[in-house]
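Trainee: mmCIF, N, CA and C atoms, saved as final.cif, coming up:
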data_final
#
loop_
_atom_site.group_PDB
_atom_site.id
_atom_site.type_symbol
_atom_site.label_atom_id
_atom_site.label_comp_id
_atom_site.auth_asym_id
_atom_site.auth_seq_id
_atom_site.Cartn_x
_atom_site.Cartn_y
_atom_site.Cartn_z
ATOM 1 N N MET A 928 -9.259 -21.275 17.991
ATOM 2 C CA MET A 928 -8.913 -20.090 17.230
ATOM 3 C C MET A 928 -9.654 -18.898 17.845
ATOM 4 N N THR A 929 -8.903 -17.874 18.180
ATOM 5 C CA THR A 929 -9.509 -16.708 18.807
ATOM 6 C C THR A 929 -9.426 -15.489 17.904
ATOM 7 N N ILE A 930 -10.254 -14.508 18.205
ATOM 8 C CA ILE A 930 -10.199 -13.253 17.461
ATOM 9 C C ILE A 930 -8.827 -12.619 17.640
ATOM 10 N N CYS A 931 -8.284 -12.728 18.843
ATOM 11 C CA CYS A 931 -6.953 -12.176 19.125
ATOM 12 C C CYS A 931 -5.897 -12.811 18.214
ATOM 13 N N GLN A 932 -5.931 -14.120 18.079
ATOM 14 C CA GLN A 932 -4.973 -14.804 17.200
ATOM 15 C C GLN A 932 -5.120 -14.327 15.757
ATOM 16 N N LEU A 933 -6.366 -14.172 15.316
ATOM 17 C CA LEU A 933 -6.606 -13.738 13.940
ATOM 18 C C LEU A 933 -6.144 -12.309 13.724
ATOM 19 N N LYS A 934 -6.351 -11.455 14.712
ATOM 20 C CA LYS A 934 -5.885 -10.068 14.625
ATOM 21 C C LYS A 934 -4.359 -10.025 14.549
ATOM 22 N N ILE A 935 -3.712 -10.805 15.397
ATOM 23 C CA ILE A 935 -2.251 -10.864 15.381
ATOM 24 C C ILE A 935 -1.764 -11.362 14.018
ATOM 25 N N PHE A 936 -2.384 -12.420 13.518
ATOM 26 C CA PHE A 936 -1.995 -12.946 12.210
ATOM 27 C C PHE A 936 -2.147 -11.877 11.139
ATOM 28 N N SER A 937 -3.237 -11.140 11.174
ATOM 29 C CA SER A 937 -3.488 -10.095 10.186
ATOM 30 C C SER A 937 -2.420 -9.002 10.230
ATOM 31 N N VAL A 938 -2.060 -8.565 11.433
ATOM 32 C CA VAL A 938 -1.055 -7.502 11.568
ATOM 33 C C VAL A 938 0.323 -8.005 11.130
ATOM 34 N N VAL A 939 0.662 -9.229 11.516
ATOM 35 C CA VAL A 939 1.948 -9.795 11.079
ATOM 36 C C VAL A 939 1.964 -9.909 9.553
ATOM 37 N N ALA A 940 0.853 -10.347 8.977
ATOM 38 C CA ALA A 940 0.776 -10.486 7.520
ATOM 39 C C ALA A 940 0.899 -9.131 6.826
ATOM 40 N N LYS A 941 0.349 -8.103 7.426
ATOM 41 C CA LYS A 941 0.446 -6.749 6.866
ATOM 42 C C LYS A 941 1.891 -6.287 6.809
ATOM 43 N N HIS A 942 2.628 -6.528 7.894
ATOM 44 C CA HIS A 942 4.020 -6.070 7.988
ATOM 45 C C HIS A 942 5.015 -7.084 7.436
ATOM 46 N N LEU A 943 4.604 -8.347 7.368
ATOM 47 C CA LEU A 943 5.507 -9.453 7.010
ATOM 48 C C LEU A 943 6.725 -9.464 7.931
ATOM 49 N N ASN A 944 6.464 -9.078 9.195
ATOM 50 C CA ASN A 944 7.553 -8.954 10.148
ATOM 51 C C ASN A 944 6.978 -9.000 11.568
ATOM 52 N N VAL A 945 7.458 -9.917 12.382
ATOM 53 C CA VAL A 945 6.954 -10.084 13.745
ATOM 54 C C VAL A 945 7.347 -8.888 14.616
ATOM 55 N N THR A 946 8.550 -8.366 14.436
ATOM 56 C CA THR A 946 9.012 -7.234 15.250
ATOM 57 C C THR A 946 8.125 -6.011 15.028
ATOM 58 N N LYS A 947 7.829 -5.696 13.781
ATOM 59 C CA LYS A 947 6.979 -4.537 13.494
ATOM 60 C C LYS A 947 5.565 -4.754 14.022
ATOM 61 N N ALA A 948 5.056 -5.964 13.881
ATOM 62 C CA ALA A 948 3.728 -6.276 14.410
ATOM 63 C C ALA A 948 3.729 -6.137 15.928
ATOM 64 N N SER A 949 4.802 -6.579 16.561
ATOM 65 C CA SER A 949 4.937 -6.499 18.010
ATOM 66 C C SER A 949 4.853 -5.047 18.472
ATOM 67 N N ARG A 950 5.520 -4.176 17.768
ATOM 68 C CA ARG A 950 5.494 -2.754 18.121
ATOM 69 C C ARG A 950 4.093 -2.170 17.950
ATOM 70 N N GLN A 951 3.427 -2.520 16.871
ATOM 71 C CA GLN A 951 2.085 -1.987 16.627
ATOM 72 C C GLN A 951 1.082 -2.474 17.673
ATOM 73 N N LEU A 952 1.195 -3.743 18.042
ATOM 74 C CA LEU A 952 0.218 -4.359 18.947
ATOM 75 C C LEU A 952 0.585 -4.225 20.428
ATOM 76 N N TYR A 953 1.803 -3.772 20.719
ATOM 77 C CA TYR A 953 2.293 -3.692 22.099
ATOM 78 C C TYR A 953 2.244 -5.067 22.772
ATOM 79 N N VAL A 954 2.692 -6.065 22.020
ATOM 80 C CA VAL A 954 2.751 -7.449 22.491
ATOM 81 C C VAL A 954 4.161 -7.947 22.210
ATOM 82 N N SER A 955 4.715 -8.749 23.097
ATOM 83 C CA SER A 955 6.084 -9.227 22.899
ATOM 84 C C SER A 955 6.181 -10.114 21.660
ATOM 85 N N GLN A 956 7.370 -10.116 21.072
ATOM 86 C CA GLN A 956 7.604 -10.951 19.893
ATOM 87 C C GLN A 956 7.383 -12.424 20.204
ATOM 88 N N SER A 957 7.822 -12.852 21.378
ATOM 89 C CA SER A 957 7.672 -14.266 21.722
ATOM 90 C C SER A 957 6.197 -14.634 21.869
ATOM 91 N N SER A 958 5.397 -13.737 22.411
ATOM 92 C CA SER A 958 3.960 -13.988 22.531
ATOM 93 C C SER A 958 3.314 -14.089 21.157
ATOM 94 N N ILE A 959 3.708 -13.213 20.262
ATOM 95 C CA ILE A 959 3.180 -13.266 18.893
ATOM 96 C C ILE A 959 3.558 -14.584 18.238
ATOM 97 N N SER A 960 4.809 -14.974 18.354
ATOM 98 C CA SER A 960 5.265 -16.233 17.752
ATOM 99 C C SER A 960 4.486 -17.423 18.314
ATOM 100 N N GLN A 961 4.265 -17.426 19.619
ATOM 101 C CA GLN A 961 3.516 -18.524 20.243
ATOM 102 C C GLN A 961 2.086 -18.575 19.719
ATOM 103 N N ARG A 962 1.454 -17.431 19.616
ATOM 104 C CA ARG A 962 0.064 -17.385 19.147
ATOM 105 C C ARG A 962 -0.047 -17.794 17.688
ATOM 106 N N LEU A 963 0.940 -17.423 16.892
ATOM 107 C CA LEU A 963 0.934 -17.842 15.488
ATOM 108 C C LEU A 963 1.103 -19.356 15.366
ATOM 109 N N LYS A 964 1.980 -19.919 16.188
ATOM 110 C CA LYS A 964 2.166 -21.376 16.173
ATOM 111 C C LYS A 964 0.881 -22.094 16.577
ATOM 112 N N LEU A 965 0.216 -21.585 17.603
ATOM 113 C CA LEU A 965 -1.058 -22.167 18.023
ATOM 114 C C LEU A 965 -2.100 -22.084 16.911
ATOM 115 N N LEU A 966 -2.136 -20.954 16.228
ATOM 116 C CA LEU A 966 -3.075 -20.784 15.120
ATOM 117 C C LEU A 966 -2.795 -21.810 14.025
ATOM 118 N N GLU A 967 -1.522 -21.987 13.694
ATOM 119 C CA GLU A 967 -1.168 -22.998 12.691
ATOM 120 C C GLU A 967 -1.598 -24.388 13.136
ATOM 121 N N GLN A 968 -1.382 -24.701 14.403
ATOM 122 C CA GLN A 968 -1.778 -26.019 14.913
ATOM 123 C C GLN A 968 -3.293 -26.204 14.828
ATOM 124 N N GLU A 969 -4.027 -25.170 15.211
ATOM 125 C CA GLU A 969 -5.477 -25.257 15.179
ATOM 126 C C GLU A 969 -6.014 -25.364 13.754
ATOM 127 N N CYS A 970 -5.355 -24.680 12.834
ATOM 128 C CA CYS A 970 -5.771 -24.745 11.422
ATOM 129 C C CYS A 970 -5.287 -26.039 10.760
ATOM 130 N N GLY A 971 -4.256 -26.626 11.336
ATOM 131 C CA GLY A 971 -3.701 -27.850 10.771
ATOM 132 C C GLY A 971 -2.925 -27.628 9.482
ATOM 133 N N MET A 972 -2.368 -26.426 9.349
ATOM 134 C CA MET A 972 -1.608 -26.121 8.132
ATOM 135 C C MET A 972 -0.592 -25.024 8.390
ATOM 136 N N LYS A 973 0.411 -25.009 7.553
ATOM 137 C CA LYS A 973 1.448 -23.978 7.608
ATOM 138 C C LYS A 973 0.884 -22.694 7.000
ATOM 139 N N LEU A 974 0.998 -21.584 7.740
ATOM 140 C CA LEU A 974 0.442 -20.318 7.278
ATOM 141 C C LEU A 974 1.511 -19.333 6.807
ATOM 142 N N TYR A 975 2.738 -19.555 7.236
ATOM 143 C CA TYR A 975 3.824 -18.644 6.868
ATOM 144 C C TYR A 975 5.154 -19.376 6.951
ATOM 145 N N ASN A 976 6.146 -18.812 6.298
ATOM 146 C CA ASN A 976 7.524 -19.296 6.368
ATOM 147 C C ASN A 976 8.406 -18.143 6.809
ATOM 148 N N LYS A 977 9.410 -18.459 7.615
ATOM 149 C CA LYS A 977 10.385 -17.444 7.997
ATOM 150 C C LYS A 977 11.330 -17.230 6.822
ATOM 151 N N VAL A 978 11.587 -15.968 6.528
ATOM 152 C CA VAL A 978 12.491 -15.604 5.437
ATOM 153 C C VAL A 978 13.380 -14.483 5.944
ATOM 154 N N GLY A 979 14.633 -14.791 6.172
ATOM 155 C CA GLY A 979 15.542 -13.787 6.722
ATOM 156 C C GLY A 979 15.005 -13.300 8.052
ATOM 157 N N ARG A 980 14.818 -11.987 8.164
ATOM 158 C CA ARG A 980 14.278 -11.410 9.402
ATOM 159 C C ARG A 980 12.768 -11.230 9.353
ATOM 160 N N GLY A 981 12.164 -11.624 8.252
ATOM 161 C CA GLY A 981 10.720 -11.454 8.114
ATOM 162 C C GLY A 981 10.029 -12.784 7.892
ATOM 163 N N ILE A 982 8.829 -12.690 7.368
ATOM 164 C CA ILE A 982 8.069 -13.884 7.022
ATOM 165 C C ILE A 982 7.453 -13.703 5.648
ATOM 166 N N GLU A 983 7.019 -14.809 5.073
ATOM 167 C CA GLU A 983 6.195 -14.747 3.874
ATOM 168 C C GLU A 983 5.019 -15.685 4.099
ATOM 169 N N LEU A 984 3.871 -15.277 3.609
ATOM 170 C CA LEU A 984 2.687 -16.100 3.764
ATOM 171 C C LEU A 984 2.716 -17.256 2.778
ATOM 172 N N THR A 985 2.254 -18.391 3.228
ATOM 173 C CA THR A 985 2.047 -19.518 2.320
ATOM 174 C C THR A 985 0.737 -19.258 1.571
ATOM 175 N N GLU A 986 0.423 -20.087 0.621
ATOM 176 C CA GLU A 986 -0.854 -19.964 -0.087
ATOM 177 C C GLU A 986 -2.008 -20.075 0.912
ATOM 178 N N ASN A 987 -1.902 -21.019 1.849
ATOM 179 C CA ASN A 987 -2.934 -21.161 2.877
ATOM 180 C C ASN A 987 -3.030 -19.913 3.748
ATOM 181 N N GLY A 988 -1.894 -19.309 4.053
ATOM 182 C CA GLY A 988 -1.875 -18.077 4.835
ATOM 183 C C GLY A 988 -2.567 -16.939 4.097
ATOM 184 N N ARG A 989 -2.321 -16.838 2.789
ATOM 185 C CA ARG A 989 -2.974 -15.797 1.989
ATOM 186 C C ARG A 989 -4.482 -16.019 1.948
ATOM 187 N N LEU A 990 -4.893 -17.273 1.804
ATOM 188 C CA LEU A 990 -6.328 -17.582 1.775
ATOM 189 C C LEU A 990 -6.989 -17.260 3.113
ATOM 190 N N LEU A 991 -6.322 -17.626 4.205
ATOM 191 C CA LEU A 991 -6.867 -17.322 5.534
ATOM 192 C C LEU A 991 -7.002 -15.818 5.705
ATOM 193 N N LEU A 992 -5.978 -15.077 5.321
ATOM 194 C CA LEU A 992 -6.005 -13.624 5.455
ATOM 195 C C LEU A 992 -7.180 -13.032 4.680
ATOM 196 N N GLN A 993 -7.402 -13.507 3.475
ATOM 197 C CA GLN A 993 -8.528 -13.032 2.659
ATOM 198 C C GLN A 993 -9.860 -13.262 3.366
ATOM 199 N N GLU A 994 -9.977 -14.389 4.024
ATOM 200 C CA GLU A 994 -11.235 -14.745 4.684
ATOM 201 C C GLU A 994 -11.452 -13.980 5.992
ATOM 202 N N ILE A 995 -10.379 -13.726 6.732
ATOM 203 C CA ILE A 995 -10.561 -13.125 8.058
ATOM 204 C C ILE A 995 -10.607 -11.603 8.032
ATOM 205 N N GLU A 996 -10.032 -10.968 7.036
ATOM 206 C CA GLU A 996 -9.990 -9.505 7.040
ATOM 207 C C GLU A 996 -11.383 -8.877 7.059
ATOM 208 N N PRO A 997 -12.343 -9.351 6.253
ATOM 209 C CA PRO A 997 -13.691 -8.762 6.363
ATOM 210 C C PRO A 997 -14.306 -8.975 7.749
ATOM 211 N N MET A 998 -14.073 -10.126 8.346
ATOM 212 C CA MET A 998 -14.601 -10.391 9.687
ATOM 213 C C MET A 998 -13.972 -9.447 10.713
ATOM 214 N N LEU A 999 -12.676 -9.244 10.622
ATOM 215 C CA LEU A 999 -11.995 -8.346 11.562
ATOM 216 C C LEU A 999 -12.493 -6.913 11.406
ATOM 217 N N ARG A 1000 -12.759 -6.492 10.165
ATOM 218 C CA ARG A 1000 -13.311 -5.146 9.949
ATOM 219 C C ARG A 1000 -14.711 -5.040 10.563
ATOM 220 N N GLN A 1001 -15.517 -6.087 10.408
ATOM 221 C CA GLN A 1001 -16.855 -6.077 11.000
ATOM 222 C C GLN A 1001 -16.782 -6.006 12.515
ATOM 223 N N ILE A 1002 -15.887 -6.758 13.096
ATOM 224 C CA ILE A 1002 -15.725 -6.753 14.556
ATOM 225 C C ILE A 1002 -15.288 -5.377 15.027
ATOM 226 N N GLU A 1003 -14.357 -4.755 14.320
ATOM 227 C CA GLU A 1003 -13.898 -3.412 14.698
ATOM 228 C C GLU A 1003 -15.044 -2.413 14.591
ATOM 229 N N GLY A 1004 -15.848 -2.518 13.538
ATOM 230 C CA GLY A 1004 -17.012 -1.647 13.393
ATOM 231 C C GLY A 1004 -18.004 -1.849 14.518
ATOM 232 N N LEU A 1005 -18.215 -3.089 14.911
ATOM 233 C CA LEU A 1005 -19.117 -3.397 16.022
ATOM 234 C C LEU A 1005 -18.602 -2.790 17.321
ATOM 235 N N LYS A 1006 -17.298 -2.898 17.570
ATOM 236 C CA LYS A 1006 -16.708 -2.306 18.773
ATOM 237 C C LYS A 1006 -16.939 -0.793 18.794
ATOM 238 N N GLN A 1007 -16.748 -0.149 17.652
ATOM 239 C CA GLN A 1007 -16.942 1.303 17.578
ATOM 240 C C GLN A 1007 -18.402 1.674 17.830
ATOM 241 N N GLU A 1008 -19.319 0.884 17.277
ATOM 242 C CA GLU A 1008 -20.743 1.133 17.489
ATOM 243 C C GLU A 1008 -21.112 0.979 18.963
ATOM 244 N N ILE A 1009 -20.581 -0.043 19.595
ATOM 245 C CA ILE A 1009 -20.838 -0.254 21.022
ATOM 246 C C ILE A 1009 -20.278 0.913 21.834
ATOM 247 N N ASP A 1010 -19.066 1.346 21.505
ATOM 248 C CA ASP A 1010 -18.469 2.490 22.211
ATOM 249 C C ASP A 1010 -19.341 3.735 22.083
ATOM 250 N N ARG A 1011 -19.863 3.987 20.863
ATOM 251 C CA ARG A 1011 -20.740 5.151 20.661
ATOM 252 C C ARG A 1011 -22.010 5.025 21.510
ATOM 253 N N ASN A 1012 -22.583 3.838 21.525
ATOM 254 C CA ASN A 1012 -23.806 3.622 22.305
ATOM 255 C C ASN A 1012 -23.560 3.805 23.795
ATOM 256 N N VAL A 1013 -22.430 3.303 24.279
ATOM 257 C CA VAL A 1013 -22.097 3.462 25.696
ATOM 258 C C VAL A 1013 -21.928 4.940 26.027
ATOM 259 N N LYS A 1014 -21.231 5.676 25.172
ATOM 260 C CA LYS A 1014 -21.047 7.118 25.413
ATOM 261 C C LYS A 1014 -22.387 7.839 25.410
ATOM 262 N N ASN A 1015 -23.260 7.482 24.471
ATOM 263 C CA ASN A 1015 -24.584 8.106 24.416
ATOM 264 C C ASN A 1015 -25.383 7.801 25.676
ATOM 265 N N MET A 1016 -25.305 6.565 26.146
ATOM 266 C CA MET A 1016 -26.032 6.184 27.353
ATOM 267 C C MET A 1016 -25.506 6.943 28.566
ATOM 268 N N LYS A 1017 -24.191 7.096 28.653
ATOM 269 C CA LYS A 1017 -23.602 7.848 29.763
ATOM 270 C C LYS A 1017 -24.048 9.304 29.706
ATOM 271 N N GLY A 1018 -24.088 9.859 28.507
ATOM 272 C CA GLY A 1018 -24.537 11.240 28.340
ATOM 273 C C GLY A 1018 -25.986 11.408 28.750
ATOM 274 N N GLU A 1019 -26.833 10.430 28.396
ATOM 275 C CA GLU A 1019 -28.247 10.480 28.769
ATOM 276 C C GLU A 1019 -28.410 10.373 30.281
ATOM 277 N N ARG A 1020 -27.630 9.530 30.921
ATOM 278 C CA ARG A 1020 -27.704 9.386 32.377
ATOM 279 C C ARG A 1020 -27.298 10.691 33.067
ATOM 280 N N SER A 1021 -26.238 11.319 32.564
ATOM 281 C CA SER A 1021 -25.784 12.585 33.150
ATOM 282 C C SER A 1021 -26.868 13.641 33.009
ATOM 283 N N GLU A 1022 -27.506 13.673 31.861
ATOM 284 C CA GLU A 1022 -28.572 14.644 31.611
ATOM 285 C C GLU A 1022 -29.751 14.404 32.549
ATOM 286 N N LEU A 1023 -30.094 13.116 32.760
ATOM 287 C CA LEU A 1023 -31.184 12.784 33.660
ATOM 288 C C LEU A 1023 -30.890 13.219 35.089
ATOM 289 N N ARG A 1024 -29.638 13.042 35.519
ATOM 290 C CA ARG A 1024 -29.243 13.439 36.879
ATOM 291 C C ARG A 1024 -29.375 14.940 37.056
ATOM 292 N N ARG A 1025 -29.000 15.688 36.024
ATOM 293 C CA ARG A 1025 -29.055 17.147 36.106
ATOM 294 C C ARG A 1025 -30.502 17.654 36.123
ATOM 295 N N THR A 1026 -31.355 16.998 35.366
ATOM 296 C CA THR A 1026 -32.748 17.471 35.265
ATOM 297 C C THR A 1026 -33.651 16.783 36.274
ATOM 298 N N GLY A 1027 -33.222 15.646 36.811
ATOM 299 C CA GLY A 1027 -34.076 14.836 37.691
ATOM 300 C C GLY A 1027 -34.042 15.304 39.062
#
Spit out the file's structure as structure tokens when you get a sec.
Mentor:
Amino acid sequence: MTICQLKIFSVVAKHLNVTKASRQLYVSQSSISQRLKLLEQECGMKLYNKVGRGIELTENGRLLLQEIEPMLRQIEGLKQEIDRNVKNMKGERSELRRTG
């Protein structure tokens, strides 16, 4: 189970539609479908059902979503913090070059 798979699952669950998730993530629909199938296999349970042109989450899918959303938010916050630190470090290096 990867962070990427969990992110894809979260976006698909938000839209309840693979096509819309594909557009948001800039990932092909077939790639999303493959990753969702792998996630289901790794979890050992059905996470969603196809309904018409969309999907609906199973009870297990809803529970997984509840558990992973706080983790995904933490990871996104960590990425933003790292980006800020990298920018600050680059700014400090530039300043040192100018004054050094």
Trainee: Residues of chain A classed as helix (DSSP H, G or I) by DSSP on the backbone are to be reported as a ChimeraX atom specification.
Mentor: /A:930-942,945-952,956-970,986-1026
Trainee: Within 7 Å of (-2.1, -10.2, 8.7), in the coordinates the file gives, what residues turn up when you count all atoms listed in the file, written out as JSON, numbers by chain?
Mentor: {"A": [933, 934, 935, 936, 937, 938, 939, 940, 941, 942, 992]}
Trainee: Which value, in Å to one decimal, gives the distance between atom C of Gly988 of chain A and atom C of Lys973 of chain A?
Mentor: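 That distance, rounded to one decimal, is 7.3 Å.
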Trainee: Name every residue that the PyMOL selection byres (((chain A and resi 966 and name CA) around 12) and name CA) selects in this structure, writing the answer as a VMD selection string with chains first and numbers rising.
Mentor: chain A and resid 928 to 937 959 to 965 967 to 975 988 991
Trainee: Give one line per residue of segment 975-1010 of chain A that approaches segment 944-954 of chain A to at most 6.5 Å, naming the two atoms of the closest pair and their distance in Å to one decimal, counting all atoms listed in the file; sort by chain then ascending residue number and deliver it as JSON lines.
Mentor:
{"residue": "A:Arg980", "atom": "C", "partner": "A:Asn944", "partner_atom": "CA", "distance": 5.7}
{"residue": "A:Gly981", "atom": "CA", "partner": "A:Asn944", "partner_atom": "CA", "distance": 4.5}
{"residue": "A:Ile982", "atom": "N", "partner": "A:Asn944", "partner_atom": "N", "distance": 4.7}
Trainee: Restricted to N, CA and C atoms, what would the selected residues look like written as a compact mmCIF listing (two decimals), keeping the file's coordinate frame?
Mentor:
# COMPACT_ATOMS: atom_id res chain seq x y z
N ARG A 980 14.82 -11.99 8.16
CA ARG A 980 14.28 -11.41 9.40
C ARG A 980 12.77 -11.23 9.35
N GLY A 981 12.16 -11.62 8.25
CA GLY A 981 10.72 -11.45 8.11
C GLY A 981 10.03 -12.78 7.89
N ILE A 982 8.83 -12.69 7.37
CA ILE A 982 8.07 -13.88 7.02
C ILE A 982 7.45 -13.70 5.65
Trainee: Taking all atoms of segment 971-981 of chain A that appear in the file, build a box with edges along x, y and z, extend it by 4 Å on every side, and state its centre and edge lengths in Å to one decimal, as lines of an AutoDock Vina configuration file.
Mentor:
center_x = 5.6
center_y = -19.5
center_z = 8.4
size_x = 27.8
size_y = 24.6
size_z = 13.9
